[in-house]
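So the structure is just underneath, and the comments pick up after that.
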Amino acid sequence: MNRGDGNRILVLNGPNLNLLGSREPEIYGHETLEDIHTAMSRHSIDLDLEIIFFQSNHEGVLIDRIHEKDVDAAIVNAGGLTHTSVSLRDALLAVSRPF
């Protein structure tokens with residue numbers, strides 16, 4: 001697969017996900033965001049995917065990253081913005097990439 005063939009994937013993580021593993025581990029577990037990224041990276045090799053990881057606690061920064069339009073699709077865990085950010089959803093729709 002070459003770039004542009006659907007193999008560049010943005011994994012976008014929102015507010016507080018950088019605290020996975022230490023934030024309320026009795027609820028969220030002990031696995032860190034870096035642990036998750038490492039597992040995804042290993043699996044991506046078998047799938048011939050290039051994964052770009054990005055996390056921010058700031059809504060506008062997440063939107064700016066989406067606007068770069070340098071990926072073929074996005075996997076989004078918007079954290080607390082999942083149910084409240086119309087702007088984030090609009091940005092995802094505006095770039096015409098699957099998410």
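Residues are referred to by chain and number: the chain letter is A, B, ... according to the order shown in the structure tokens, the number counts from 1 in that chain, and ligands are numbered separately from 1 in the order shown.
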
Could you give me, as a ChimeraX atom specification, each residue of range 21-98 of chain A that DSSP assigns to helix (DSSP H, G or I) when run on this structure's backbone?
/A:25-28,33-47,59-67,79-81,86-94

Which polymer residues have any atom within 8 Å of an atom of range 9-26 of chain A, counting only C-alpha atoms, with same-chain residues fewer than 4 positions away left out, as a PyMOL selection string?
chain A and resi 30-33+49-59+62+71-81

Based on the backbone DSSP call, show me all residues of chain A assigned strand (DSSP E), as a PyMOL selection string.
chain A and resi 8-13+50-55+73-77

Go through A:Ser87, A:Glu34, A:Pro98, A:Asn7 and flag the residue nearest Asp46 in chain A, using only C-alpha atoms for the distances.
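Closest to Asp46 in chain A, using only C-alpha atoms: A:Asn7.
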
Looking at A:Gly6, A:Thr84, A:Ser96, A:Gly29, which one is nearest to Leu47 in chain A, with distances taken over only C-alpha atoms?
A:Gly6

Residue nearest Arg89 in chain A among A:His67, A:Arg8, A:His37, A:His43 (counting only C-alpha atoms)
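The shortest atom-to-atom distance to Arg89 in chain A comes from A:His67.
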
Å distance separating CA of Glu68 in chain A from CA of Ser85 in chain A, one decimal place
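It comes out at 18.8 Å.
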